[in-house]
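Okay, query_25.txt is below, compact mmCIF, C-alpha atoms and all ligand atoms:
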# COMPACT_ATOMS: atom_id res chain seq x y z
CA MET A 1 -19.58 1.82 -8.89
CA GLN A 2 -21.60 3.25 -6.03
CA LEU A 3 -21.31 4.09 -2.36
CA ARG A 4 -21.59 0.89 -0.33
CA ILE A 5 -22.03 1.86 3.30
CA GLY A 6 -22.34 -1.14 5.63
CA VAL A 7 -25.56 -1.33 7.66
CA TRP A 8 -25.82 -3.71 10.64
CA ASP A 9 -28.92 -3.97 12.81
CA GLY A 10 -30.02 -0.50 11.74
CA ALA A 11 -26.64 1.12 12.47
CA VAL A 12 -24.33 2.30 9.73
CA MET A 13 -20.89 0.73 10.08
CA PHE A 14 -17.58 1.51 8.41
CA ASP A 15 -19.01 4.89 7.41
CA LEU A 16 -16.23 7.15 6.13
CA ARG A 17 -18.53 9.92 4.85
CA SER A 18 -17.08 12.54 7.21
CA LYS A 19 -13.45 11.70 6.44
CA THR A 20 -10.79 12.88 4.02
CA ALA A 21 -8.30 10.19 3.00
CA VAL A 22 -4.96 10.41 1.21
CA VAL A 23 -3.65 7.41 -0.72
CA THR A 24 -0.06 7.64 -1.95
CA GLY A 25 0.39 5.68 -5.16
CA GLY A 26 -3.40 5.83 -5.48
CA GLY A 27 -3.53 5.97 -9.26
CA ARG A 28 -2.90 2.32 -9.97
CA GLY A 29 -2.25 -1.09 -8.46
CA ILE A 30 -3.14 -1.80 -4.85
CA GLY A 31 -3.39 1.92 -4.10
CA ARG A 32 -6.12 2.32 -6.72
CA GLY A 33 -8.05 -0.53 -5.13
CA ILE A 34 -7.68 1.09 -1.70
CA ALA A 35 -8.81 4.50 -3.02
CA ARG A 36 -11.85 2.84 -4.62
CA ALA A 37 -12.82 1.02 -1.42
CA LEU A 38 -12.42 4.16 0.74
CA ALA A 39 -14.60 6.09 -1.71
CA GLN A 40 -17.24 3.36 -1.71
CA ALA A 41 -17.38 3.77 2.07
CA GLY A 42 -17.95 7.49 1.59
CA ALA A 43 -14.53 9.10 2.11
CA ASP A 44 -13.39 12.03 0.03
CA VAL A 45 -10.10 10.84 -1.46
CA VAL A 46 -6.82 12.46 -2.50
CA VAL A 47 -4.76 10.27 -4.83
CA SER A 48 -1.09 10.94 -5.36
CA GLY A 49 1.74 9.55 -7.48
CA ARG A 50 4.33 10.64 -10.03
CA SER A 51 2.47 9.98 -13.31
CA LEU A 52 -0.56 12.02 -14.30
CA PRO A 53 -2.70 9.69 -16.47
CA PRO A 54 -3.47 7.09 -13.76
CA LEU A 55 -4.32 9.87 -11.31
CA GLU A 56 -6.69 11.53 -13.79
CA ASP A 57 -8.36 8.19 -14.41
CA ALA A 58 -8.65 7.52 -10.67
CA VAL A 59 -10.29 10.89 -9.99
CA LYS A 60 -12.92 10.20 -12.67
CA GLU A 61 -13.69 6.81 -11.15
CA LEU A 62 -13.87 8.14 -7.57
CA GLU A 63 -16.14 11.03 -8.54
CA ALA A 64 -18.42 8.59 -10.37
CA ILE A 65 -18.77 6.68 -7.08
CA GLY A 66 -20.20 9.88 -5.59
CA VAL A 67 -17.42 11.37 -3.48
CA ARG A 68 -15.10 14.33 -3.95
CA ALA A 69 -11.65 13.45 -5.30
CA LEU A 70 -8.42 15.30 -5.88
CA MET A 71 -5.20 14.30 -7.60
CA VAL A 72 -1.86 15.66 -6.44
CA PRO A 73 1.14 14.70 -8.56
CA ALA A 74 4.02 14.11 -6.14
CA ASP A 75 7.17 12.06 -5.74
CA ILE A 76 6.98 10.80 -2.18
CA THR A 77 10.78 10.82 -1.94
CA SER A 78 10.86 14.61 -2.33
CA ARG A 79 10.40 16.74 0.79
CA ALA A 80 8.97 19.60 -1.27
CA ASP A 81 6.44 17.29 -3.00
CA LEU A 82 5.45 15.70 0.30
CA ASP A 83 4.85 19.10 1.92
CA ALA A 84 2.83 20.21 -1.12
CA LEU A 85 0.74 17.02 -0.94
CA VAL A 86 -0.06 17.59 2.73
CA ALA A 87 -0.96 21.24 2.09
CA ALA A 88 -3.21 20.38 -0.88
CA ALA A 89 -4.92 17.57 1.03
CA LEU A 90 -5.49 19.81 4.05
CA ALA A 91 -7.09 22.49 1.89
CA PHE A 92 -9.21 19.86 0.14
CA GLY A 93 -10.29 18.41 3.50
CA GLY A 94 -11.31 21.79 4.90
CA GLY A 95 -8.37 21.88 7.30
CA SER A 96 -8.17 18.24 8.34
CA ILE A 97 -7.00 14.86 7.09
CA GLU A 98 -8.44 11.85 8.90
CA VAL A 99 -6.90 8.95 6.96
CA TRP A 100 -3.46 8.59 5.39
CA VAL A 101 -2.50 5.44 3.46
CA ASN A 102 1.22 5.01 2.79
CA ASN A 103 0.95 2.74 -0.23
CA ALA A 104 3.57 4.12 -2.67
CA GLY A 105 6.37 1.61 -2.93
CA SER A 106 7.75 -1.55 -4.51
CA ALA A 107 11.09 -2.51 -6.06
CA SER A 108 11.90 -2.10 -9.74
CA SER A 109 13.50 -4.90 -11.75
CA SER A 110 16.85 -3.08 -11.73
CA ASP A 111 16.92 -3.38 -7.94
CA VAL A 112 16.50 -7.16 -7.91
CA GLY A 113 19.52 -9.31 -7.13
CA PRO A 114 21.27 -11.41 -4.49
CA LEU A 115 22.57 -9.64 -1.41
CA ILE A 116 26.14 -10.64 -2.22
CA ASP A 117 26.06 -8.37 -5.29
CA MET A 118 23.83 -5.61 -3.97
CA THR A 119 25.01 -2.08 -4.65
CA GLU A 120 24.49 0.96 -2.50
CA ALA A 121 22.34 2.46 -5.28
CA GLN A 122 20.04 -0.59 -5.29
CA TRP A 123 19.79 -0.45 -1.51
CA ASP A 124 19.05 3.28 -1.41
CA ALA A 125 16.47 3.22 -4.21
CA VAL A 126 14.35 0.60 -2.44
CA VAL A 127 14.90 1.52 1.19
CA ASP A 128 14.43 5.25 0.60
CA THR A 129 11.01 4.79 -0.99
CA ASN A 130 9.69 1.91 1.07
CA LEU A 131 11.05 2.86 4.51
CA LYS A 132 12.58 6.32 4.82
CA TRP A 133 9.91 8.29 2.98
CA THR A 134 7.09 6.08 4.19
CA PHE A 135 8.14 7.16 7.67
CA PHE A 136 8.45 10.85 6.80
CA ALA A 137 5.07 10.75 5.05
CA ALA A 138 3.53 9.22 8.18
CA GLN A 139 5.22 11.87 10.30
CA ALA A 140 3.94 14.66 8.03
CA ALA A 141 0.41 13.24 8.23
CA ALA A 142 0.55 12.84 12.02
CA ARG A 143 1.68 16.44 12.46
CA VAL A 144 -1.53 17.73 10.86
CA MET A 145 -3.97 15.21 12.37
CA ALA A 146 -4.99 17.65 15.07
CA ARG A 147 -8.19 15.74 15.89
CA GLY A 148 -6.60 12.30 15.58
CA GLY A 149 -6.72 9.97 12.62
CA SER A 150 -5.75 6.66 11.08
CA ILE A 151 -2.45 6.00 9.34
CA ILE A 152 -2.23 2.78 7.34
CA ASN A 153 1.16 1.58 6.11
CA ILE A 154 1.17 -0.94 3.28
CA SER A 155 3.85 -3.45 4.14
CA SER A 156 4.23 -6.90 2.57
CA ARG A 157 4.55 -10.51 3.60
CA SER A 158 8.18 -9.93 2.62
CA GLY A 159 8.53 -7.87 5.80
CA SER A 160 8.29 -10.91 8.06
CA GLN A 161 10.13 -13.60 6.16
CA PRO A 162 13.33 -14.14 4.17
CA ASN A 163 13.13 -12.30 0.89
CA PRO A 164 15.84 -13.62 -1.43
CA MET A 165 16.62 -11.51 -4.50
CA THR A 166 15.12 -8.37 -2.96
CA GLY A 167 16.51 -8.57 0.55
CA GLN A 168 16.57 -4.82 0.92
CA TYR A 169 12.83 -4.65 0.13
CA GLY A 170 12.05 -7.18 2.86
CA ALA A 171 14.27 -5.27 5.29
CA ALA A 172 12.50 -2.01 4.42
CA LYS A 173 9.07 -3.55 4.97
CA ALA A 174 10.26 -5.09 8.27
CA GLY A 175 11.33 -1.57 9.23
CA VAL A 176 7.90 -0.24 8.32
CA GLU A 177 6.26 -2.84 10.55
CA ASN A 178 8.57 -2.01 13.46
CA LEU A 179 8.01 1.73 13.02
CA THR A 180 4.26 1.11 12.84
CA ALA A 181 4.46 -0.31 16.36
CA THR A 182 6.53 2.61 17.66
CA MET A 183 4.39 5.26 15.97
CA ALA A 184 1.30 3.62 17.49
CA VAL A 185 2.86 3.95 20.96
CA GLU A 186 4.16 7.49 20.54
CA TRP A 187 1.08 8.91 18.81
CA GLY A 188 -1.69 7.03 20.63
CA HIS A 189 -2.19 9.89 23.08
CA ARG A 190 -2.82 12.17 20.10
CA GLY A 191 -5.71 9.95 18.99
CA ILE A 192 -3.70 8.76 16.01
CA ARG A 193 -3.90 5.05 15.23
CA VAL A 194 -1.16 3.48 13.10
CA ASN A 195 -1.55 0.03 11.57
CA ALA A 196 0.07 -1.91 8.75
CA VAL A 197 -1.42 -4.17 6.12
CA ALA A 198 0.86 -6.87 4.72
CA PRO A 199 -0.44 -8.27 1.41
CA GLY A 200 0.65 -11.52 -0.17
CA VAL A 201 1.09 -11.67 -3.93
CA VAL A 202 -1.40 -9.32 -5.59
CA LEU A 203 -1.71 -9.16 -9.37
CA THR A 204 -1.60 -5.58 -10.62
CA GLU A 205 -1.48 -3.82 -13.98
CA THR A 206 2.31 -4.15 -13.75
CA HIS A 207 2.05 -7.94 -13.85
CA ALA A 208 -0.66 -7.86 -16.51
CA ALA A 209 1.69 -5.77 -18.66
CA GLY A 210 4.23 -8.58 -18.51
CA ALA A 211 6.54 -6.98 -15.95
CA GLY A 212 7.22 -7.81 -12.31
CA SER A 213 7.87 -11.07 -10.49
CA MET A 214 4.53 -12.61 -11.48
CA SER A 215 4.77 -12.05 -15.24
CA SER A 216 5.42 -15.75 -15.95
CA PRO A 217 2.34 -18.04 -15.90
CA ALA A 218 4.51 -20.82 -14.44
CA ARG A 219 5.51 -18.63 -11.51
CA ARG A 220 1.92 -17.61 -10.92
CA ARG A 221 0.86 -21.26 -10.94
CA ARG A 222 3.48 -22.24 -8.38
CA GLN A 223 2.53 -19.35 -6.13
CA VAL A 224 -1.14 -20.35 -6.26
CA GLU A 225 -0.19 -23.84 -5.13
CA THR A 226 1.00 -22.30 -1.83
CA ILE A 227 -2.23 -20.41 -1.17
CA PRO A 228 -5.05 -22.18 0.69
CA LEU A 229 -7.67 -19.96 -0.97
CA GLN A 230 -6.22 -21.06 -4.33
CA ARG A 231 -5.80 -17.75 -6.09
CA LEU A 232 -3.51 -14.74 -6.16
CA GLY A 233 -4.77 -11.49 -4.71
CA THR A 234 -6.50 -8.74 -6.67
CA VAL A 235 -6.19 -5.03 -5.98
CA ASP A 236 -9.72 -5.11 -4.55
CA ASP A 237 -8.72 -7.61 -1.84
CA ILE A 238 -6.74 -5.03 0.18
CA GLY A 239 -9.09 -2.02 0.28
CA PRO A 240 -11.81 -3.50 2.52
CA LEU A 241 -9.35 -4.00 5.39
CA CYS A 242 -8.19 -0.40 4.93
CA VAL A 243 -11.83 0.73 5.16
CA TYR A 244 -12.09 -1.06 8.51
CA LEU A 245 -8.81 0.40 9.81
CA ALA A 246 -9.88 3.88 8.68
CA SER A 247 -13.28 3.63 10.32
CA ASP A 248 -14.40 4.50 13.85
CA GLU A 249 -15.17 0.80 14.35
CA ALA A 250 -11.39 0.26 14.55
CA SER A 251 -11.00 2.86 17.30
CA TRP A 252 -9.24 0.36 19.61
CA THR A 253 -6.97 -1.10 16.94
CA THR A 254 -3.47 0.31 16.65
CA GLY A 255 0.06 -0.99 16.24
CA SER A 256 -1.22 -4.05 14.38
CA VAL A 257 0.25 -5.69 11.30
CA ILE A 258 -2.49 -7.60 9.49
CA GLN A 259 -1.62 -10.04 6.72
CA VAL A 260 -3.93 -10.43 3.73
CA THR A 261 -2.46 -13.39 1.90
CA GLY A 262 -5.16 -15.89 0.98
CA GLY A 263 -3.90 -17.90 3.94
CA SER A 264 -0.43 -18.62 2.57
CA ARG A 265 2.17 -19.36 5.22
CA ILE A 266 4.88 -20.46 2.83
CA PRO A 267 7.60 -17.82 2.38
CA VAL A 268 6.92 -16.18 -0.96
CA GLY A 269 10.48 -14.90 -1.06
CA LEU A 270 11.85 -18.41 -0.81
CA LEU A 271 9.73 -19.44 -3.77
CA SER A 272 10.94 -16.44 -5.75
CA TYR A 273 14.49 -17.50 -5.02
CA LEU A 274 13.83 -21.04 -6.12
CA HIS A 275 12.19 -19.68 -9.29
CA ARG A 276 15.38 -17.81 -9.95
CA VAL A 277 18.00 -20.42 -9.14
CA ALA A 278 16.27 -23.52 -10.49
CA PRO A 279 14.30 -22.47 -13.59
CA GLN A 280 16.32 -24.58 -16.00
CA GLU A 281 15.98 -27.71 -13.92
CA GLU A 282 12.21 -27.25 -13.98
CA GLY A 283 12.07 -26.22 -17.64
CA THR A 284 10.00 -23.13 -16.86
CA ALA A 285 12.49 -20.29 -17.37
N1 LIG B 1 1.61 -6.33 -5.70
C1 LIG B 1 2.04 -7.12 -4.72
O1 LIG B 1 2.09 -8.35 -4.87
C2 LIG B 1 2.40 -6.54 -3.38
C3 LIG B 1 2.56 -7.43 -2.31
C4 LIG B 1 2.87 -6.94 -1.06
C5 LIG B 1 3.02 -5.58 -0.87
N2 LIG B 1 2.87 -4.72 -1.91
C6 LIG B 1 3.02 -3.29 -1.62
O2 LIG B 1 1.84 -2.62 -2.01
C7 LIG B 1 2.15 -1.29 -2.42
C8 LIG B 1 1.63 -1.05 -3.82
O3 LIG B 1 2.24 -2.00 -4.68
P1 LIG B 1 1.68 -2.34 -6.14
O4 LIG B 1 2.00 -3.76 -6.41
O5 LIG B 1 0.30 -1.84 -6.30
O6 LIG B 1 2.71 -1.47 -6.99
P2 LIG B 1 2.57 -0.78 -8.42
O7 LIG B 1 1.48 -1.40 -9.21
O8 LIG B 1 3.95 -0.75 -8.96
O9 LIG B 1 2.13 0.68 -8.01
C9 LIG B 1 2.97 1.45 -7.19
C10 LIG B 1 2.28 2.76 -6.93
O10 LIG B 1 3.15 3.57 -6.13
C11 LIG B 1 3.44 4.77 -6.82
N3 LIG B 1 4.80 5.16 -6.53
C12 LIG B 1 5.93 4.42 -6.64
N4 LIG B 1 7.01 5.14 -6.29
C13 LIG B 1 6.56 6.38 -5.97
C14 LIG B 1 7.17 7.58 -5.56
N5 LIG B 1 8.51 7.68 -5.40
N6 LIG B 1 6.39 8.66 -5.30
C15 LIG B 1 5.05 8.58 -5.46
N7 LIG B 1 4.41 7.48 -5.86
C16 LIG B 1 5.16 6.39 -6.11
C17 LIG B 1 3.20 4.47 -8.30
O11 LIG B 1 2.83 5.63 -9.02
P3 LIG B 1 3.84 6.39 -10.02
O12 LIG B 1 4.71 5.35 -10.66
O13 LIG B 1 2.96 7.13 -10.96
O14 LIG B 1 4.60 7.31 -9.13
C18 LIG B 1 2.01 3.52 -8.21
O15 LIG B 1 0.80 4.23 -8.09
C19 LIG B 1 3.67 -1.14 -2.31
O16 LIG B 1 4.00 -0.55 -1.08
C20 LIG B 1 4.15 -2.58 -2.36
O17 LIG B 1 5.40 -2.73 -1.73
C21 LIG B 1 2.57 -5.17 -3.17
Take the structure in this file and express it as structure tokens.
Ligand SMILES: NC(=O)c1ccc[n+]([C@@H]2O[C@H](COP(=O)([O-])OP(=O)(O)OC[C@H]3O[C@@H](n4cnc5c(N)ncnc54)[C@H](OP(=O)(O)O)[C@@H]3O)[C@@H](O)[C@H]2O)c1
Amino acid sequence: MQLRIGVWDGAVMFDLRSKTAVVTGGGRGIGRGIARALAQAGADVVVSGRSLPPLEDAVKELEAIGVRALMVPADITSRADLDALVAAALAFGGGSIEVWVNNAGSASSSDVGPLIDMTEAQWDAVVDTNLKWTFFAAQAAARVMARGGSIINISSRSGSQPNPMTGQYGAAKAGVENLTATMAVEWGHRGIRVNAVAPGVVLTETHAAGAGSMSSPARRRRQVETIPLQRLGTVDDIGPLCVYLASDEASWTTGSVIQVTGGSRIPVGLLSYLHRVAPQEEGTA
């Protein structure tokens, strides 16, 4: 891996070499892909998450690209951890943070189920991580972006469509998208841009390890059939858009929710529901 700064007509574009970026959940999955892309564009990168090994691995990879990297173990749902992450990133960035990517999130298998049976614990687990603490992390970042900056919230296609079997996840992501619009309005005068990226189905290490909604080959096949570009996403499909949103070339882009889905317009959540309720009829359980 190496720095890959874009050059157009003699001018360097999407150049993040003067910026410090924080990626929550940056050790693995989509966050790792985002951290890699930001580093390839020249940003110094802070990766955060709860488990150490992926963070250690990420720092090695980012440093090999040629940038400075720092890992900060933190649970984003803890106020103390969040404050410590901001303080460590500020020190690392020489007193400023220019880019903050709220990527930490998802729903664990124990939180999956129809709304009719949903418990308060299942609701809180998903909504706290994906909405409440995504907001407070954005707020914490905005408070220290004294010279402006770019906040990127990782939403999901689930945020703008029915999401059977993880309705609370879709509601949380819808909340993130709505807050993205409000934060963009309230913080624009501070020079802070706030945008959201809404991926479609992206295969991560979680799926490769046989967990998650895409662990069954039959489910993956049916999802691909809904995608005009005829493949599921990879973790490296999301980072390039984040590089753009982080860069000065996006200086007039805020309050946007941009979908990266391979062109799929068919509700993924509906398919998931059908996978769940009709597996025996299709013989693919
Ligand atoms: N994969 C998809 O198909 C897809 C589609 C649309 C949107 N998304 C969104 O993209 C983002 C990343 O998803 P992913 O698929 O890459 O998930 P993943 O592979 O499960 O990775 C999640 C990342 O978030 C971190 N994380 C989770 N809870 C955390 C917490 N409380 N505090 C700190 N870090 C936490 C994890 O690190 P630790 O476990 O070490 O803490 C991990 O690095 C999420 O916001 C998800 O909703 C994913």
Using all atoms listed in the file, what table do you get, as a Markdown table, when you list each residue of stretch 102-200 of chain A with an atom no more than 8 Å from stretch 14-32 of chain A, its nearest pair of atoms, and their distance in Å rounded to one decimal, rows by chain then rising number?
| residue | atom | partner | partner_atom | distance |
| --- | --- | --- | --- | --- |
| A:Asn102 | CA | A:Thr24 | CA | 5.6 |
| A:Asn103 | CA | A:Thr24 | CA | 5.3 |
| A:Ala104 | CA | A:Gly25 | CA | 4.3 |
| A:Gly105 | CA | A:Gly25 | CA | 7.6 |
Computed interatomic separation between atom CA of A:Pro53 and atom CA of A:Gly95 (Å)
27.3 Å
With all atoms listed in the file as the counted atoms, please give the residues lying no more than 12 Å from A:Ile238, apart from itself and same-chain residues fewer than 5 positions off, as number ranges by chain.
A: 29-38, 101, 103, 152-156, 196-204, 233, 243-245, 258-262
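One distance worth recording is that between atom CA of A:Ala41 and atom CA of A:Met13, which is 9.3 Å.
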Proximity to ligand LIG 1 (chain B) - best of A:Val99, A:Leu232, A:Ala80, A:Ala146, all atoms listed in the file:
A:Leu232
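Distance check against A:Leu131 using all atoms listed in the file: of A:Asn195, A:Thr77, A:Ser48, A:Asn163, the minimum falls on A:Thr77.
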So for stretch 149-153 of chain A, what box centre and size do we get, axis-aligned, 3 Å extra on each of the six sides, every listed atom, Å to one decimal, as AutoDock Vina command-line options?
--center_x -2.8 --center_y 5.8 --center_z 9.4 --size_x 13.9 --size_y 14.4 --size_z 12.5
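Closest approach to ligand LIG 1 (chain B) among A:Arg50, A:Arg221, A:Arg79, A:Lys60 is made by A:Arg50 (distances from only C-alpha atoms and all ligand atoms).
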Option closest in space to ligand LIG 1 (chain B), from A:Gln161, A:Asn178, A:Ser96, A:Thr234 [counting all atoms listed in the file]:
A:Thr234
Expressed in Å to a single decimal, how great is the separation between atom CA of A:Gly148 and atom N5 of ligand LIG 1 (chain B)?
26.3 Å
Contacts of A:Gln230 at 10 Å or less, counting all atoms listed in the file, minus same-chain residues fewer than 5 places along, as a ChimeraX atom specification?
/A:221,223-225,262-264
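Each of A:Ala121, A:Leu115, A:Ala218, A:Ile76 was compared to ligand LIG 1 (chain B) using all atoms listed in the file, and A:Ile76 turns out to be the nearest.
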Pull the neighbourhood of (9.8, 3.4, -4.4) for me: all residues within 6 Å in file coordinates, counting only C-alpha atoms, as a PDB file with C-alpha atoms, keeping the file's coordinate frame.
ATOM      1  CA  GLY A 105       6.370   1.610  -2.930  1.00  0.00           C
ATOM      2  CA  SER A 106       7.750  -1.550  -4.510  1.00  0.00           C
ATOM      3  CA  VAL A 126      14.350   0.600  -2.440  1.00  0.00           C
ATOM      4  CA  THR A 129      11.010   4.790  -0.990  1.00  0.00           C
ATOM      5  CA  ASN A 130       9.690   1.910   1.070  1.00  0.00           C
TER       6      ASN A 130
END
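Comparing A:Ser256, A:Gln2, A:Gln139, A:Thr166 by their smallest distance to ligand LIG 1 (chain B), the closest is A:Thr166 (using all atoms listed in the file).
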